[in-house]
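Listing of run_11.pdb; format and content: PDB, C-alpha atoms.
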ATOM      1  CA  MET U   1      20.018   1.289  18.400
ATOM      2  CA  ASN U   2      16.264   1.404  18.981
ATOM      3  CA  ALA U   3      14.080  -0.903  16.908
ATOM      4  CA  TYR U   4      10.810  -2.781  17.113
ATOM      5  CA  VAL U   5      11.444  -6.524  17.203
ATOM      6  CA  LEU U   6       8.353  -8.636  16.560
ATOM      7  CA  LYS U   7       8.797 -11.709  18.738
ATOM      8  CA  ARG U   8       5.177 -12.867  18.742
ATOM      9  CA  THR U   9       2.011 -12.057  16.848
ATOM     10  CA  GLY U  10      -1.033 -10.368  18.319
ATOM     11  CA  GLY U  11      -2.598  -6.966  18.895
ATOM     12  CA  PRO U  12      -0.803  -3.622  18.641
ATOM     13  CA  GLY U  13       0.588  -4.102  22.147
ATOM     14  CA  VAL U  14       3.104  -6.678  20.874
ATOM     15  CA  LEU U  15       5.017  -3.799  19.239
ATOM     16  CA  LYS U  16       7.771  -3.073  21.767
ATOM     17  CA  ILE U  17      10.970  -1.087  21.319
ATOM     18  CA  SER U  18      14.183  -3.027  21.904
ATOM     19  CA  ASP U  19      17.819  -1.933  22.106
ATOM     20  CA  ILE U  20      19.585  -4.056  19.484
ATOM     21  CA  PRO U  21      23.067  -3.959  17.924
ATOM     22  CA  GLU U  22      23.465  -1.580  14.999
ATOM     23  CA  PRO U  23      23.371  -3.554  11.720
ATOM     24  CA  GLN U  24      26.639  -4.065   9.852
ATOM     25  CA  ILE U  25      26.961  -3.713   6.094
ATOM     26  CA  HIS U  26      28.321  -6.265   3.646
ATOM     27  CA  HIS U  27      29.541  -6.201   0.057
ATOM     28  CA  ASN U  28      26.545  -4.865  -1.906
ATOM     29  CA  GLN U  29      24.710  -3.094   0.910
ATOM     30  CA  ILE U  30      24.160   0.385   2.289
ATOM     31  CA  LYS U  31      23.360   1.669   5.779
ATOM     32  CA  ILE U  32      20.635   4.295   6.067
ATOM     33  CA  ARG U  33      19.704   6.477   9.007
ATOM     34  CA  LEU U  34      15.912   6.633   8.875
ATOM     35  CA  HIS U  35      13.862   9.810   9.252
ATOM     36  CA  TYR U  36      10.294   8.685   8.509
ATOM     37  CA  ILE U  37       8.698   5.237   8.280
ATOM     38  CA  GLY U  38       5.643   4.497   6.155
ATOM     39  CA  ILE U  39       3.050   2.217   7.742
ATOM     40  CA  ASN U  40       1.316  -0.152   5.347
ATOM     41  CA  TYR U  41      -1.663  -2.391   6.015
ATOM     42  CA  ALA U  42       0.628  -5.320   5.295
ATOM     43  CA  ASP U  43       2.539  -4.360   8.472
ATOM     44  CA  ILE U  44      -0.674  -4.850  10.437
ATOM     45  CA  LEU U  45      -1.381  -8.234   8.817
ATOM     46  CA  SER U  46       2.229  -9.200   9.513
ATOM     47  CA  ARG U  47       1.878  -8.233  13.178
ATOM     48  CA  LYS U  48      -1.214 -10.438  13.383
ATOM     49  CA  GLY U  49       0.572 -13.384  11.782
ATOM     50  CA  LEU U  50      -1.607 -13.237   8.658
ATOM     51  CA  TYR U  51       1.023 -12.169   6.136
ATOM     52  CA  GLY U  52       2.670 -15.026   4.278
ATOM     53  CA  TRP U  53       5.468 -12.840   2.897
ATOM     54  CA  ALA U  54       6.683 -11.782   6.362
ATOM     55  CA  PRO U  55      10.159 -12.856   7.551
ATOM     56  CA  LYS U  56      10.539 -15.567  10.175
ATOM     57  CA  ARG U  57      10.191 -14.233  13.733
ATOM     58  CA  PRO U  58      11.816 -12.578  15.524
ATOM     59  CA  TYR U  59      12.291  -9.773  13.025
ATOM     60  CA  VAL U  60      12.105  -6.001  12.694
ATOM     61  CA  PRO U  61       8.920  -5.194  10.731
ATOM     62  CA  GLY U  62       8.364  -2.318   8.325
ATOM     63  CA  MET U  63       8.637  -2.369   4.540
ATOM     64  CA  GLU U  64       8.949   1.303   3.697
ATOM     65  CA  ALA U  65      10.899   4.333   4.888
ATOM     66  CA  MET U  66      13.056   7.262   3.845
ATOM     67  CA  GLY U  67      16.366   8.359   5.207
ATOM     68  CA  THR U  68      19.951   9.385   4.522
ATOM     69  CA  ILE U  69      22.716   7.030   3.390
ATOM     70  CA  GLU U  70      25.272   6.851   6.189
ATOM     71  CA  GLU U  71      27.647   4.110   5.034
ATOM     72  CA  VAL U  72      28.198   2.039   1.864
ATOM     73  CA  GLY U  73      29.729  -1.346   1.061
ATOM     74  CA  ASP U  74      33.219  -1.622  -0.388
ATOM     75  CA  ASN U  75      31.992  -1.889  -4.007
ATOM     76  CA  ILE U  76      29.686   1.158  -3.853
ATOM     77  CA  GLU U  77      30.900   4.679  -4.571
ATOM     78  CA  LYS U  78      31.396   6.852  -1.492
ATOM     79  CA  LYS U  79      29.724   9.790  -3.261
ATOM     80  CA  PHE U  80      26.339   8.315  -2.330
ATOM     81  CA  ILE U  81      26.936   8.926   1.376
ATOM     82  CA  GLY U  82      24.613  11.743   2.467
ATOM     83  CA  MET U  83      22.046  11.093  -0.285
ATOM     84  CA  LYS U  84      18.380  10.981   0.723
ATOM     85  CA  VAL U  85      16.630   7.836  -0.461
ATOM     86  CA  MET U  86      13.350   5.912  -0.299
ATOM     87  CA  ILE U  87      13.484   2.282   0.812
ATOM     88  CA  GLY U  88      11.266  -0.668  -0.114
ATOM     89  CA  ASN U  89      12.254  -3.757   1.852
ATOM     90  CA  LYS U  90      10.846  -7.055   3.121
ATOM     91  CA  GLY U  91      11.306  -5.801   6.681
ATOM     92  CA  GLY U  92      13.639  -3.878   8.939
ATOM     93  CA  CYS U  93      12.194  -0.365   8.643
ATOM     94  CA  TYR U  94      10.762  -0.003  12.185
ATOM     95  CA  ALA U  95      14.186   1.053  13.402
ATOM     96  CA  GLU U  96      16.557   3.994  13.669
ATOM     97  CA  LYS U  97      18.798   2.523  10.968
ATOM     98  CA  ILE U  98      18.555  -0.153   8.319
ATOM     99  CA  VAL U  99      21.028  -2.076   6.178
ATOM    100  CA  THR U 100      19.684  -3.178   2.807
ATOM    101  CA  ARG U 101      20.738  -4.028  -0.732
ATOM    102  CA  VAL U 102      21.380  -1.098  -3.031
ATOM    103  CA  GLU U 103      18.680  -2.482  -5.363
ATOM    104  CA  ASN U 104      16.049  -1.759  -2.696
ATOM    105  CA  VAL U 105      16.524   2.010  -2.641
ATOM    106  CA  VAL U 106      15.774   4.853  -5.048
ATOM    107  CA  PRO U 107      16.642   8.554  -4.798
ATOM    108  CA  ALA U 108      14.172  10.698  -2.878
ATOM    109  CA  PHE U 109      12.179  13.285  -4.812
ATOM    110  CA  ARG U 110      13.767  16.718  -4.438
ATOM    111  CA  THR U 111      10.332  18.317  -4.824
ATOM    112  CA  TYR U 112       8.911  16.320  -1.873
ATOM    113  CA  ASN U 113       9.645  16.870   1.787
ATOM    114  CA  ASP U 114      10.962  13.969   3.859
ATOM    115  CA  ALA U 115       7.512  12.864   5.042
ATOM    116  CA  GLU U 116       6.103  12.858   1.490
ATOM    117  CA  ASN U 117       9.008  10.716   0.321
ATOM    118  CA  ALA U 118       8.294   8.195   3.091
ATOM    119  CA  ALA U 119       4.657   8.061   1.980
ATOM    120  CA  PHE U 120       5.315   7.484  -1.700
ATOM    121  CA  LEU U 121       7.151   4.364  -2.823
ATOM    122  CA  ILE U 122       5.007   1.331  -1.949
ATOM    123  CA  ASN U 123       1.578   2.940  -2.290
ATOM    124  CA  TYR U 124       2.182   4.687  -5.602
ATOM    125  CA  LEU U 125       4.179   1.890  -7.201
ATOM    126  CA  THR U 126       1.422  -0.579  -6.236
ATOM    127  CA  ALA U 127      -1.179   1.755  -7.751
ATOM    128  CA  TRP U 128       0.919   2.173 -10.897
ATOM    129  CA  VAL U 129       1.368  -1.580 -11.389
ATOM    130  CA  GLY U 130      -2.358  -2.162 -10.900
ATOM    131  CA  LEU U 131      -3.568   0.597 -13.208
ATOM    132  CA  ILE U 132      -0.892   0.605 -15.915
ATOM    133  CA  GLU U 133       0.764  -2.808 -16.080
ATOM    134  CA  LEU U 134      -2.319  -4.908 -15.298
ATOM    135  CA  ALA U 135      -5.487  -2.935 -16.072
ATOM    136  CA  LYS U 136      -3.970  -1.012 -19.021
ATOM    137  CA  LEU U 137      -6.155   1.952 -18.103
ATOM    138  CA  LYS U 138      -7.158   4.217 -20.971
ATOM    139  CA  LYS U 139      -8.196   7.860 -20.996
ATOM    140  CA  GLY U 140     -11.954   8.295 -20.613
ATOM    141  CA  GLU U 141     -12.572   4.952 -18.914
ATOM    142  CA  LYS U 142     -14.532   4.675 -15.675
ATOM    143  CA  VAL U 143     -12.629   3.496 -12.604
ATOM    144  CA  LEU U 144     -14.123   2.342  -9.304
ATOM    145  CA  VAL U 145     -11.730   2.201  -6.325
ATOM    146  CA  THR U 146     -12.546   0.442  -3.048
ATOM    147  CA  ALA U 147     -10.827   1.540   0.200
ATOM    148  CA  ALA U 148     -10.307   4.751  -1.759
ATOM    149  CA  ALA U 149      -9.283   6.795   1.308
ATOM    150  CA  SER U 150      -6.384   4.478   2.203
ATOM    151  CA  GLY U 151      -2.767   5.147   1.288
ATOM    152  CA  VAL U 152      -2.924   2.912  -1.794
ATOM    153  CA  GLY U 153      -6.512   3.912  -2.575
ATOM    154  CA  SER U 154      -5.804   7.635  -2.605
ATOM    155  CA  ALA U 155      -2.772   6.980  -4.838
ATOM    156  CA  VAL U 156      -4.971   5.019  -7.269
ATOM    157  CA  VAL U 157      -7.518   7.857  -7.351
ATOM    158  CA  GLN U 158      -4.839  10.499  -8.037
ATOM    159  CA  ILE U 159      -3.111   8.506 -10.779
ATOM    160  CA  ALA U 160      -6.353   7.435 -12.490
ATOM    161  CA  LYS U 161      -7.614  11.019 -12.459
ATOM    162  CA  ALA U 162      -4.351  12.287 -13.972
ATOM    163  CA  LEU U 163      -4.625   9.630 -16.684
ATOM    164  CA  GLY U 164      -7.966  11.113 -17.732
ATOM    165  CA  ALA U 165     -10.299   8.521 -16.203
ATOM    166  CA  ASP U 166     -13.623   9.174 -14.489
ATOM    167  CA  VAL U 167     -12.992   7.959 -10.942
ATOM    168  CA  TYR U 168     -15.450   6.820  -8.282
ATOM    169  CA  GLY U 169     -14.340   6.029  -4.741
ATOM    170  CA  LEU U 170     -15.826   3.535  -2.303
ATOM    171  CA  VAL U 171     -15.109   4.379   1.358
ATOM    172  CA  GLY U 172     -16.106   3.221   4.830
ATOM    173  CA  SER U 173     -17.530   6.416   6.325
ATOM    174  CA  ALA U 174     -19.278   9.631   5.375
ATOM    175  CA  GLU U 175     -16.235  11.637   6.522
ATOM    176  CA  LYS U 176     -14.061  10.021   3.875
ATOM    177  CA  ILE U 177     -16.259  10.976   0.950
ATOM    178  CA  SER U 178     -15.007  14.567   0.783
ATOM    179  CA  PHE U 179     -11.420  13.313   1.133
ATOM    180  CA  VAL U 180     -11.542  11.012  -1.899
ATOM    181  CA  GLU U 181     -13.304  13.699  -3.912
ATOM    182  CA  SER U 182     -10.482  16.102  -3.027
ATOM    183  CA  CYS U 183      -8.063  13.474  -4.399
ATOM    184  CA  GLY U 184      -9.866  13.554  -7.751
ATOM    185  CA  ALA U 185     -12.843  11.212  -7.488
ATOM    186  CA  LEU U 186     -16.024  12.417  -9.158
ATOM    187  CA  LYS U 187     -18.078  10.824  -6.402
ATOM    188  CA  GLY U 188     -17.494   9.001  -3.130
ATOM    189  CA  VAL U 189     -19.867   6.319  -1.847
ATOM    190  CA  ASN U 190     -20.054   4.807   1.649
ATOM    191  CA  TYR U 191     -20.051   1.000   1.410
ATOM    192  CA  ASN U 192     -21.604   0.748   4.888
ATOM    193  CA  SER U 193     -24.833   2.140   3.435
ATOM    194  CA  LYS U 194     -27.414  -0.598   2.850
ATOM    195  CA  THR U 195     -28.097   0.782  -0.623
ATOM    196  CA  TYR U 196     -24.499   1.434  -1.708
ATOM    197  CA  LEU U 197     -24.572  -1.162  -4.483
ATOM    198  CA  GLU U 198     -27.700   0.379  -5.990
ATOM    199  CA  THR U 199     -26.046   3.814  -5.730
ATOM    200  CA  LEU U 200     -23.028   2.568  -7.648
ATOM    201  CA  LYS U 201     -25.227   1.038 -10.339
ATOM    202  CA  ARG U 202     -27.126   4.334 -10.713
ATOM    203  CA  GLN U 203     -23.865   6.256 -11.096
ATOM    204  CA  SER U 204     -22.643   4.029 -13.903
ATOM    205  CA  SER U 205     -23.577   0.774 -15.595
ATOM    206  CA  ASP U 206     -20.150   0.527 -17.178
ATOM    207  CA  TYR U 207     -17.146   0.389 -14.823
ATOM    208  CA  ASN U 208     -14.182  -0.441 -17.046
ATOM    209  CA  VAL U 209     -11.661  -0.879 -14.216
ATOM    210  CA  ILE U 210     -12.342  -1.789 -10.583
ATOM    211  CA  VAL U 211      -9.444  -1.633  -8.114
ATOM    212  CA  GLU U 212     -10.326  -3.769  -5.068
ATOM    213  CA  MET U 213      -8.584  -3.817  -1.669
ATOM    214  CA  VAL U 214     -11.241  -4.915   0.843
ATOM    215  CA  GLY U 215     -12.195  -8.514   0.074
ATOM    216  CA  GLY U 216     -15.177 -10.337   1.568
ATOM    217  CA  GLN U 217     -18.619  -9.095   0.572
ATOM    218  CA  VAL U 218     -17.191  -5.969  -1.067
ATOM    219  CA  PHE U 219     -15.182  -8.104  -3.505
ATOM    220  CA  LYS U 220     -18.274 -10.189  -4.281
ATOM    221  CA  ASP U 221     -20.268  -7.012  -4.924
ATOM    222  CA  MET U 222     -17.534  -5.553  -7.135
ATOM    223  CA  SER U 223     -17.432  -8.700  -9.265
ATOM    224  CA  LYS U 224     -21.092  -7.995 -10.141
ATOM    225  CA  LEU U 225     -20.225  -4.534 -11.469
ATOM    226  CA  ILE U 226     -17.539  -5.426 -14.023
ATOM    227  CA  SER U 227     -18.546  -4.373 -17.515
ATOM    228  CA  PRO U 228     -17.837  -6.486 -20.624
ATOM    229  CA  PHE U 229     -14.083  -6.279 -21.356
ATOM    230  CA  GLY U 230     -13.643  -4.832 -17.870
ATOM    231  CA  ARG U 231     -10.756  -5.518 -15.500
ATOM    232  CA  LEU U 232     -10.920  -6.033 -11.741
ATOM    233  CA  VAL U 233      -7.520  -5.690 -10.074
ATOM    234  CA  VAL U 234      -7.040  -6.959  -6.506
ATOM    235  CA  LEU U 235      -4.395  -5.022  -4.548
ATOM    236  CA  GLY U 236      -5.177  -6.234  -1.027
ATOM    237  CA  PHE U 237      -7.582  -7.866   1.444
ATOM    238  CA  ALA U 238      -8.186  -5.367   4.248
ATOM    239  CA  SER U 239     -11.219  -7.227   5.629
ATOM    240  CA  LEU U 240      -9.222 -10.310   6.674
ATOM    241  CA  ASP U 241      -9.325 -10.599  10.455
ATOM    242  CA  LEU U 242      -8.396 -14.107  11.560
ATOM    243  CA  LYS U 243      -8.080 -14.597  15.317
ATOM    244  CA  LYS U 244      -6.246 -17.804  16.210
ATOM    245  CA  TRP U 245      -8.136 -18.126  19.493
ATOM    246  CA  ASN U 246     -11.524 -17.838  17.766
ATOM    247  CA  PRO U 247     -12.322 -20.792  15.440
ATOM    248  CA  LEU U 248     -15.391 -18.959  14.088
ATOM    249  CA  SER U 249     -13.077 -16.315  12.604
ATOM    250  CA  TRP U 250     -11.212 -18.999  10.631
ATOM    251  CA  LEU U 251     -14.277 -19.775   8.524
ATOM    252  CA  LYS U 252     -15.052 -16.088   7.957
ATOM    253  CA  THR U 253     -11.445 -15.418   6.906
ATOM    254  CA  TRP U 254     -11.560 -18.336   4.466
ATOM    255  CA  ARG U 255     -14.829 -17.071   2.993
ATOM    256  CA  ASP U 256     -13.519 -13.499   2.708
ATOM    257  CA  ILE U 257     -10.506 -14.388   0.542
ATOM    258  CA  PRO U 258     -11.309 -13.080  -2.982
ATOM    259  CA  ARG U 259     -12.040 -15.863  -5.470
ATOM    260  CA  ILE U 260     -14.006 -16.138  -8.692
ATOM    261  CA  LYS U 261     -15.240 -18.806 -11.106
ATOM    262  CA  ILE U 262     -13.765 -18.821 -14.601
ATOM    263  CA  ASP U 263     -17.108 -19.649 -16.220
ATOM    264  CA  TYR U 264     -18.554 -16.435 -14.747
ATOM    265  CA  LEU U 265     -15.716 -14.412 -16.283
ATOM    266  CA  ALA U 266     -16.319 -16.122 -19.601
ATOM    267  CA  ARG U 267     -19.991 -15.098 -19.531
ATOM    268  CA  ILE U 268     -19.151 -11.431 -18.976
ATOM    269  CA  SER U 269     -15.879 -11.371 -20.984
ATOM    270  CA  ALA U 270     -13.888  -9.767 -18.161
ATOM    271  CA  ALA U 271     -10.611 -10.270 -16.332
ATOM    272  CA  ILE U 272      -9.689 -10.454 -12.663
ATOM    273  CA  MET U 273      -6.037  -9.859 -11.786
ATOM    274  CA  ALA U 274      -3.930  -9.390  -8.675
ATOM    275  CA  THR U 275      -0.487  -8.144  -7.699
ATOM    276  CA  HIS U 276       1.793  -8.151  -4.669
ATOM    277  CA  LEU U 277       4.664  -5.699  -4.963
ATOM    278  CA  GLY U 278       6.924  -7.676  -2.634
ATOM    279  CA  TYR U 279       7.229 -10.639  -4.963
ATOM    280  CA  LEU U 280       8.399  -8.299  -7.716
ATOM    281  CA  LEU U 281      11.514  -7.516  -5.654
ATOM    282  CA  ALA U 282      13.011 -10.645  -7.221
ATOM    283  CA  ASP U 283      13.194  -8.653 -10.475
ATOM    284  CA  PRO U 284      14.702  -5.313  -9.361
ATOM    285  CA  GLU U 285      15.398  -4.148 -12.915
ATOM    286  CA  LYS U 286      11.737  -4.404 -13.856
ATOM    287  CA  LEU U 287      10.716  -2.554 -10.693
ATOM    288  CA  ARG U 288      13.287   0.164 -11.371
ATOM    289  CA  TYR U 289      11.942   0.591 -14.912
ATOM    290  CA  LEU U 290       8.399   0.921 -13.547
ATOM    291  CA  TYR U 291       9.569   3.359 -10.872
ATOM    292  CA  TYR U 292      11.168   5.738 -13.346
ATOM    293  CA  ASP U 293       8.015   5.760 -15.494
ATOM    294  CA  LEU U 294       6.027   6.558 -12.360
ATOM    295  CA  ASN U 295       8.580   9.179 -11.303
ATOM    296  CA  LYS U 296       8.185  11.017 -14.603
ATOM    297  CA  PHE U 297       4.384  10.779 -14.483
ATOM    298  CA  VAL U 298       3.936  12.208 -10.967
ATOM    299  CA  ALA U 299       6.360  15.046 -11.753
ATOM    300  CA  GLU U 300       4.476  15.969 -14.936
ATOM    301  CA  ASN U 301       1.111  15.858 -13.140
ATOM    302  CA  ASP U 302       2.205  17.431  -9.825
ATOM    303  CA  ILE U 303       0.967  14.461  -7.775
ATOM    304  CA  ARG U 304       1.860  14.498  -4.074
ATOM    305  CA  PRO U 305       1.134  11.905  -1.365
ATOM    306  CA  ARG U 306      -1.713  12.702   0.998
ATOM    307  CA  ILE U 307      -0.467  12.342   4.581
ATOM    308  CA  ASP U 308      -3.011  11.898   7.339
ATOM    309  CA  LYS U 309      -1.060  11.644  10.594
ATOM    310  CA  ILE U 310       2.537  11.386  11.783
ATOM    311  CA  PHE U 311       3.202   9.512  15.031
ATOM    312  CA  PRO U 312       6.440   9.635  17.058
ATOM    313  CA  PHE U 313       8.646   6.558  16.650
ATOM    314  CA  ALA U 314       7.744   5.383  20.176
ATOM    315  CA  GLU U 315       4.038   5.218  19.257
ATOM    316  CA  ALA U 316       3.973   2.499  16.591
ATOM    317  CA  ALA U 317       1.281   0.625  18.531
ATOM    318  CA  GLU U 318      -0.923   3.727  18.554
ATOM    319  CA  ALA U 319      -0.344   4.211  14.828
ATOM    320  CA  HIS U 320      -1.490   0.627  14.167
ATOM    321  CA  ARG U 321      -4.573   1.140  16.355
ATOM    322  CA  TYR U 322      -5.396   4.313  14.442
ATOM    323  CA  ILE U 323      -5.261   2.554  11.066
ATOM    324  CA  GLU U 324      -7.283  -0.402  12.363
ATOM    325  CA  SER U 325      -9.936   2.014  13.632
ATOM    326  CA  ARG U 326     -10.671   2.776   9.941
ATOM    327  CA  LYS U 327     -10.358   6.493  10.662
ATOM    328  CA  SER U 328      -7.217   7.162   8.636
ATOM    329  CA  MET U 329      -7.355   9.043   5.331
ATOM    330  CA  GLY U 330      -4.183   8.849   3.290
ATOM    331  CA  LYS U 331      -0.814   7.759   4.641
ATOM    332  CA  VAL U 332       0.158   7.239   8.276
ATOM    333  CA  LEU U 333       3.847   7.637   9.219
ATOM    334  CA  LEU U 334       6.262   7.250  12.103
ATOM    335  CA  GLN U 335       8.875   9.966  12.645
ATOM    336  CA  VAL U 336      12.196   8.651  13.922
TER     337      VAL U 336
END

Write-out of the structure in structure tokens:
Amino acid sequence: MNAYVLKRTGGPGVLKISDIPEPQIHHNQIKIRLHYIGINYADILSRKGLYGWAPKRPYVPGMEAMGTIEEVGDNIEKKFIGMKVMIGNKGGCYAEKIVTRVENVVPAFRTYNDAENAAFLINYLTAWVGLIELAKLKKGEKVLVTAAASGVGSAVVQIAKALGADVYGLVGSAEKISFVESCGALKGVNYNSKTYLETLKRQSSDYNVIVEMVGGQVFKDMSKLISPFGRLVVLGFASLDLKKWNPLSWLKTWRDIPRIKIDYLARISAAIMATHLGYLLADPEKLRYLYYDLNKFVAENDIRPRIDKIFPFAEAAEAHRYIESRKSMGKVLLQV
């Protein structure tokens, strides 16, 4: 079968299709023929060698996809063959087929098309964990979202809006402002503006929840905006850009990793938290419980993933380049 096998780290050009043996299932596993693959920023960090949770090379990258169950292990009921499912996995999704544990799949939404299902699981579950489990967001609170036009960012905006919060989105270009406002933000602000911090302060002096996914100077700026009893939740570090051949980038990467001093938090009576969905895979029952709460919520509020662009399976490198160009708005997919 066709699959991308990451043999070395580097730029998008290291993504090459290989013809590899079709994976074989074992006792508690299922085989899925994939239709769409969700691209996450973690895939890009993994390709660069900057993602500590990535499998040991060589491996097939890709943590998210949707497809149809084609074969099941001997202890799984045959009735599931033919069911459409969403997959969240440590890797293996940049392929025509994947074998994974049954715990790593959930039924696809019948009200979504195949592409929307591929765009949902990781982004919306990450947003849900950040807003509900960590920040404990309440109706009427003010939420500030960085990288608000990204796949996770747009999910955070939609969920926070549906929860009754006043949402503000921080984005990297003027073109993205209208996009985040269409997702439910009251106002979008371009963080490349020299006066963006002053603009944010004018909009509100009381941000109850800040969801941060950029790192570097943006994280430092956001830490200055937390209100008393506020919560800053870190969901990613999109600004990290270490280049092994460039020692100057090592220092910048080290400086850009979000960090905070406890005495500062004590002075403002606030909390800074972080999550990584992958590490929660060790507790599949808890994730499943969270997923079904999220499932019910998006159905009741008619929330649908915002898809930006769908690339053919053979153009994974181009899809990565597109995301790294900072032009994407919403989710980027591969179609198998």

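Closest approach to Ile32 of chain U among U:Leu170, U:Ala95, U:Ala148, U:Ala274 is made by U:Ala95 (distances from all atoms listed in the file).
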
key: Selection as JSON, numbers by chain: residues within 12 Å of (-0.8, -2.9, 4.8), counting only C-alpha atoms   = {"U": [38, 39, 40, 41, 42, 43, 44, 45, 46, 47, 48, 50, 51, 53, 54, 61, 62, 63, 64, 122, 123, 126, 147, 150, 151, 152, 153, 213, 214, 235, 236, 237, 238, 239, 240, 276, 277, 278, 320, 323, 324, 331, 332]}

Dump as a PDB file, in the frame of the given file, selection limited to C-alpha atoms:
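So the final result, stored in out.pdb, reads:
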ATOM      1  CA  GLY U  38       5.643   4.497   6.155  1.00  0.00           C
ATOM      2  CA  ILE U  39       3.050   2.217   7.742  1.00  0.00           C
ATOM      3  CA  ASN U  40       1.316  -0.152   5.347  1.00  0.00           C
ATOM      4  CA  TYR U  41      -1.663  -2.391   6.015  1.00  0.00           C
ATOM      5  CA  ALA U  42       0.628  -5.320   5.295  1.00  0.00           C
ATOM      6  CA  ASP U  43       2.539  -4.360   8.472  1.00  0.00           C
ATOM      7  CA  ILE U  44      -0.674  -4.850  10.437  1.00  0.00           C
ATOM      8  CA  LEU U  45      -1.381  -8.234   8.817  1.00  0.00           C
ATOM      9  CA  SER U  46       2.229  -9.200   9.513  1.00  0.00           C
ATOM     10  CA  ARG U  47       1.878  -8.233  13.178  1.00  0.00           C
ATOM     11  CA  LYS U  48      -1.214 -10.438  13.383  1.00  0.00           C
ATOM     12  CA  LEU U  50      -1.607 -13.237   8.658  1.00  0.00           C
ATOM     13  CA  TYR U  51       1.023 -12.169   6.136  1.00  0.00           C
ATOM     14  CA  TRP U  53       5.468 -12.840   2.897  1.00  0.00           C
ATOM     15  CA  ALA U  54       6.683 -11.782   6.362  1.00  0.00           C
ATOM     16  CA  PRO U  61       8.920  -5.194  10.731  1.00  0.00           C
ATOM     17  CA  GLY U  62       8.364  -2.318   8.325  1.00  0.00           C
ATOM     18  CA  MET U  63       8.637  -2.369   4.540  1.00  0.00           C
ATOM     19  CA  GLU U  64       8.949   1.303   3.697  1.00  0.00           C
ATOM     20  CA  ILE U 122       5.007   1.331  -1.949  1.00  0.00           C
ATOM     21  CA  ASN U 123       1.578   2.940  -2.290  1.00  0.00           C
ATOM     22  CA  THR U 126       1.422  -0.579  -6.236  1.00  0.00           C
ATOM     23  CA  ALA U 147     -10.827   1.540   0.200  1.00  0.00           C
ATOM     24  CA  SER U 150      -6.384   4.478   2.203  1.00  0.00           C
ATOM     25  CA  GLY U 151      -2.767   5.147   1.288  1.00  0.00           C
ATOM     26  CA  VAL U 152      -2.924   2.912  -1.794  1.00  0.00           C
ATOM     27  CA  GLY U 153      -6.512   3.912  -2.575  1.00  0.00           C
ATOM     28  CA  MET U 213      -8.584  -3.817  -1.669  1.00  0.00           C
ATOM     29  CA  VAL U 214     -11.241  -4.915   0.843  1.00  0.00           C
ATOM     30  CA  LEU U 235      -4.395  -5.022  -4.548  1.00  0.00           C
ATOM     31  CA  GLY U 236      -5.177  -6.234  -1.027  1.00  0.00           C
ATOM     32  CA  PHE U 237      -7.582  -7.866   1.444  1.00  0.00           C
ATOM     33  CA  ALA U 238      -8.186  -5.367   4.248  1.00  0.00           C
ATOM     34  CA  SER U 239     -11.219  -7.227   5.629  1.00  0.00           C
ATOM     35  CA  LEU U 240      -9.222 -10.310   6.674  1.00  0.00           C
ATOM     36  CA  HIS U 276       1.793  -8.151  -4.669  1.00  0.00           C
ATOM     37  CA  LEU U 277       4.664  -5.699  -4.963  1.00  0.00           C
ATOM     38  CA  GLY U 278       6.924  -7.676  -2.634  1.00  0.00           C
ATOM     39  CA  HIS U 320      -1.490   0.627  14.167  1.00  0.00           C
ATOM     40  CA  ILE U 323      -5.261   2.554  11.066  1.00  0.00           C
ATOM     41  CA  GLU U 324      -7.283  -0.402  12.363  1.00  0.00           C
ATOM     42  CA  LYS U 331      -0.814   7.759   4.641  1.00  0.00           C
ATOM     43  CA  VAL U 332       0.158   7.239   8.276  1.00  0.00           C
TER      44      VAL U 332
END

Note to self: Taking (-16.1, 7.2, -7.5) as a centre in this file's frame and 8 Å as the limit, can you find every polymer residue with an atom that close, using all atoms listed in the file, and give them as a ChimeraX atom specification?
What the structure shows: /U:143-145,166-170,181,185-189

Export, as an mmCIF file, in the coordinates of the input, the selected residues with C-alpha atoms.
data_model
loop_
_atom_site.group_PDB
_atom_site.id
_atom_site.type_symbol
_atom_site.label_atom_id
_atom_site.label_comp_id
_atom_site.auth_asym_id
_atom_site.auth_seq_id
_atom_site.Cartn_x
_atom_site.Cartn_y
_atom_site.Cartn_z
ATOM 1 C CA VAL U 143 -12.629 3.496 -12.604
ATOM 2 C CA LEU U 144 -14.123 2.342 -9.304
ATOM 3 C CA VAL U 145 -11.730 2.201 -6.325
ATOM 4 C CA ASP U 166 -13.623 9.174 -14.489
ATOM 5 C CA VAL U 167 -12.992 7.959 -10.942
ATOM 6 C CA TYR U 168 -15.450 6.820 -8.282
ATOM 7 C CA GLY U 169 -14.340 6.029 -4.741
ATOM 8 C CA LEU U 170 -15.826 3.535 -2.303
ATOM 9 C CA GLU U 181 -13.304 13.699 -3.912
ATOM 10 C CA ALA U 185 -12.843 11.212 -7.488
ATOM 11 C CA LEU U 186 -16.024 12.417 -9.158
ATOM 12 C CA LYS U 187 -18.078 10.824 -6.402
ATOM 13 C CA GLY U 188 -17.494 9.001 -3.130
ATOM 14 C CA VAL U 189 -19.867 6.319 -1.847
#

* To do: Evaluate the PyMOL selection byres ((chain U and resi 7-10) around 6) on the structure here and hand back the selected residues as a ChimeraX atom specification.
  => /U:6,11,47-49,57-58

- Task: I need the residue set behind the PyMOL selection byres ((chain U and resi 261) around 12) for this file; please write it as an MDAnalysis selection string.
- Result: chainID U and resid 220 223 258:260 262:268 270:272

Could you list, as an MDAnalysis selection string, every residue matched by the PyMOL selection byres ((chain U and resi 225) around 10) in this structure? chainID U and resid 144 197 200:201 204:210 220:224 226:228 230 232

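Atom CA of Arg304 of chain U is positioned 17.5 Å from atom CA of Leu131 of chain U.
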